[in-house]
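Participant: Below are the structure tokens for one structure; questions will follow.
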Amino acid sequence: MTDPKTLSPPSLETHVAAHDDTFLDTNELVINMGPQHPATHGVLRVILRLDGEKVLGLECVIGYLHRGVEKIAENRTYTMFNPYVDRMDYVAAVSNGLGYCEAVEKLLSVEAPPRAQYIRVILTELNRVASHQLWLGTHALDIGAITPLFYTFRDREEILKIFEKYCGARLTTHAFRIGGLQYEAYDGFEKDVKNFLKFFAPKIDEYEELLTTNRIWLERTKGVGVISGKDCIALGVTGPVLRASGVQWDIRKAQPYANYKNFDFKIPTGEHGDTYDRYLVRMVEMRQSCRIIEQAVNAIPEGPIMAKVPKVMKPPVGEIYHSIEAPKGELGYFIVSDGSTQPYRVRVRPPSFVNLQALDLMCRGQLVADVIAVIGTLDIVLGEVDR
Amino acid sequence: MHEFLDYIQSYLRNDVTVSPGAAPNGGNIFWALVYILLVFAGVSLGVICMNWLERKILAHMQVRLGPMRVGPHGLLQPIADAVKLLIKEDIMPAEADAVVFWVAPFIVTLAAFTVFVVVPFGPAHAITDMNIGILFMLGVSSLSVLGIVTAGWASNSHYPLIGALRSSAQMVSYEVAMGLAVVSAILMTSLHGVGLYGVGGPGTSGIGTLSMIDIVKMQEEQHVWFIFKFFPLGLIAFAIFAIAMIAETNRAPFDLPEAESELTAGFHTEYSGFRWSLFFLAEYSAMIAVSSIAVTLWLGGWLRPFPNMLGGHAWDLVFSFFPGLAFLFLAGMTFYNVRRMPQHPFFKIQTMGLAAFGATLGLIGLILFIPPVRDRVGDIFWFVAKVAAFMYLYIWYRGTFPRYRFDQLMKVGWKVLLPLGLGVLILTAGAGIVGLEMAQRVTH
């Protein structure tokens, strides 16, 4: 098997694969995987070029879930656009909302009050756990272990219940408003969150029991989809994928937003940049998220939940780029304001879209089964890739 | 006329000890036919039960309920599915090779069912007793790969093609290890010694056997199941077979040919309706078939537990109550669940159905206590119970393990199981030779 590290980063001639005609006259097999396929996480279409089972190269075809979210923003006021961002990464809607609200707040030069900040952090980290749970379940399912999916969904339900109690929605929460929170935390919010933390700690062990030392799991994930830290940076890959390659880059630490600087948590990193390391990094992240939630829920201050924000928002002329650490990587919003009530342009930097670029590099020289594993480990959400 | 009746009645006597196909003077065609029908019906029933059990057991392993809607506790779900499959549109892809596409499911199903010709459910409960029984079984069961390859090829589509190629590679690499394990078990039949490490004895022929029935009889004679013979050796051979047979039947964690997340449905992607259900039927009956090979070779076939340690008529009587008790236990569980059914009038029919099901089970249990019935079904019960344990393992594996990758699967087959099988074979043979030599010294 070719070591993918020895291959150059993808170029336009990627798919002119080396053709070995010394032994037998063989043909390349071109397989169209998706958009209807059980393991492409939605509507990703991958054109695989195979030599037997070996992947010579692949090409992603995206756009099957394109809804023109960025264009919609230009015809909506700042407040009206807020619910739309939930529909991008629908698995981590709270993070999307946080990024957008903070970006507009920066543009308006307002800051959410401390109580709102704490509740924002709690909800965002809960959402990170939920997102990682969904990733774990589907990733394990792709590799053939069907049981973890049901375990993770069982436990994710508890998080969704908290969301539902907080704002009435389970998935596309629209939990935050520009300048603070949509709703005050309901009675017993702290108790629910604490109960969840108590409930969830042994559950992570349960997931790890099923997979972490499972021989087949190790064989299927170790050394699969290796990507170096250098290649990650060159391709703009962020999030757990980048950290598993040994680069310690987490925007929560590197450029603290919200009030993450108040909390004590670790940034897990991997060594080999393979699928197993990415798995471990995400498992540790779940535990770390729980730590953040625990600290935050014990320190929620009293006070208002909304800053003073004008009813009709007219940010000054200018532009802003604000990024947060979404569960899948760096989620950035670039907003250009022309001084009117509607943004002139909103550009989203979705982590899934950028991370998906690395798929070709990570899969070349590997087998078909590994492509599935790598798609799973990149943790892409097609709603965010296509927007 | 009298002779004809006699012919028909000849297998109802108590003293019949041979299977109908293997009787002297050409066997008894009538009873062979009856047995064929019984075995076919029994295996089909087993597949239907497995369908329900797999869903239920897997569901309970995965914190869900499984089918609950069609019939009480989803008991009628397999029937609903069968009806659905039968009335579905039969699609044949335009590009497919029509004849081969048509033939492939039949090859698979035929291979899976033909194997049962030699499966011994009891000393007299086999369709026939071939003197090359085990070879016949291995040969026929490996024919099913032919059907899978033709199915994948005839579909003229990419995923089935890859599935078929994987399947052939997988079967080839696991057949070898499987064969070695089987040979070491057959070697043990030639040892004729009593006990765990017993070899030879006064006047042993030193001749083994390939007949399925005689293999079990040898275990009876040696007072030990072959899984325990030469303690670690038999166990290792059994373990090799147990792993290889999962690969042979394309079940998780070796379900690469139909790896759902990779190849959508593998070799049967293009099949639908009745043709697909034939593949399903074949897969499950193949599982039952290879499990019965394992049970016959290593777990003492139809022998009840501890026939020697707990021997004698009293223990025989105690163990002969087991089949009836098992059914009564199932009936009891059913009635427990009848009581747990919701009391709402909406569930009245379901509750009554479940109660009727429990009553049927209880009735079967009671019938199994009648002495003549009891004596005849004991063998079958123990055989089926052992096979059922394997079926449970199949489900358990599926709930627990991730899927192997193609190359890792080949690695396990060629680099682990094959050398291990060879080693066990050589050690068994060596132990046998040394043992026989020593036994002869003692007698001279």
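Chain identifiers are assigned as A, B, and so on, following the order in which chains appear in the structure tokens; residues are numbered from 1 within each chain, and ligands are numbered from 1 in order of appearance.
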Please find the residues of chain A near chain B - the criterion being any atom within 7 Å, counting only C-alpha atoms - and write them as a tab-separated table (two decimals) with C-alpha atoms, in the first residue's frame.
Facilitator:
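Result saved to result.tsv:
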```tsv
chain	number	residue	atom	x	y	z
A	31	ILE	CA	-17.30	4.03	-9.04
A	37	HIS	CA	-25.31	5.90	-0.32
A	38	PRO	CA	-25.66	4.70	3.25
A	39	ALA	CA	-22.28	5.96	4.34
A	142	ASP	CA	-19.65	3.01	8.92
A	143	ILE	CA	-16.89	0.78	10.20
A	144	GLY	CA	-19.44	-1.93	10.90
A	145	ALA	CA	-20.09	-1.62	14.63
A	146	ILE	CA	-23.80	-1.01	14.77
A	147	THR	CA	-24.35	-0.92	18.51
A	150	PHE	CA	-27.86	3.35	19.56
A	151	TYR	CA	-25.91	4.04	22.72
A	216	ILE	CA	-10.89	-4.92	14.91
A	217	TRP	CA	-11.49	-1.26	15.67
A	220	ARG	CA	-9.58	-0.55	11.02
A	369	ALA	CA	-13.40	0.48	3.11
A	372	ILE	CA	-15.81	5.19	4.28
```
Participant: Report the residues of stretch 5-185 of chain B whose backbone DSSP state falls under helix (DSSP H, G or I), written as a ChimeraX atom specification.
Facilitator: /B:5-9,20-22,29-61,72-74,77-87,98-117,133-141,144-154,158-185
Participant: So, counting only C-alpha atoms, which residue among B:Leu317, B:Ala289, B:Ala181, B:Leu75 is closest to B:Thr334?
Facilitator: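 Checking each of B:Leu317, B:Ala289, B:Ala181, B:Leu75 against B:Thr334, counting only C-alpha atoms, the winner is B:Leu75.
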Participant: When you count only C-alpha atoms, which of these residues is closest to B:Leu297: B:Ser168, B:Gln219, B:Thr128, B:Ser320?
Facilitator: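 Closest candidate: B:Gln219.
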Participant: Can you tell me, as a PyMOL selection string, what residues are no more than 9 Å from A:Ile227 when counting only C-alpha atoms, ignoring any on the same chain fewer than 6 positions away?
Facilitator: chain A and resi 4-5+241-242+245+272-274+358+361-362
Participant: Within 12 Å of stretch 89-94 of chain B, counting only C-alpha atoms, which residues show up once you throw out same-chain ones fewer than 4 positions away? Write them as a PyMOL selection string, please.
Facilitator: chain B and resi 84-85+98-102+151+154-157+268-277
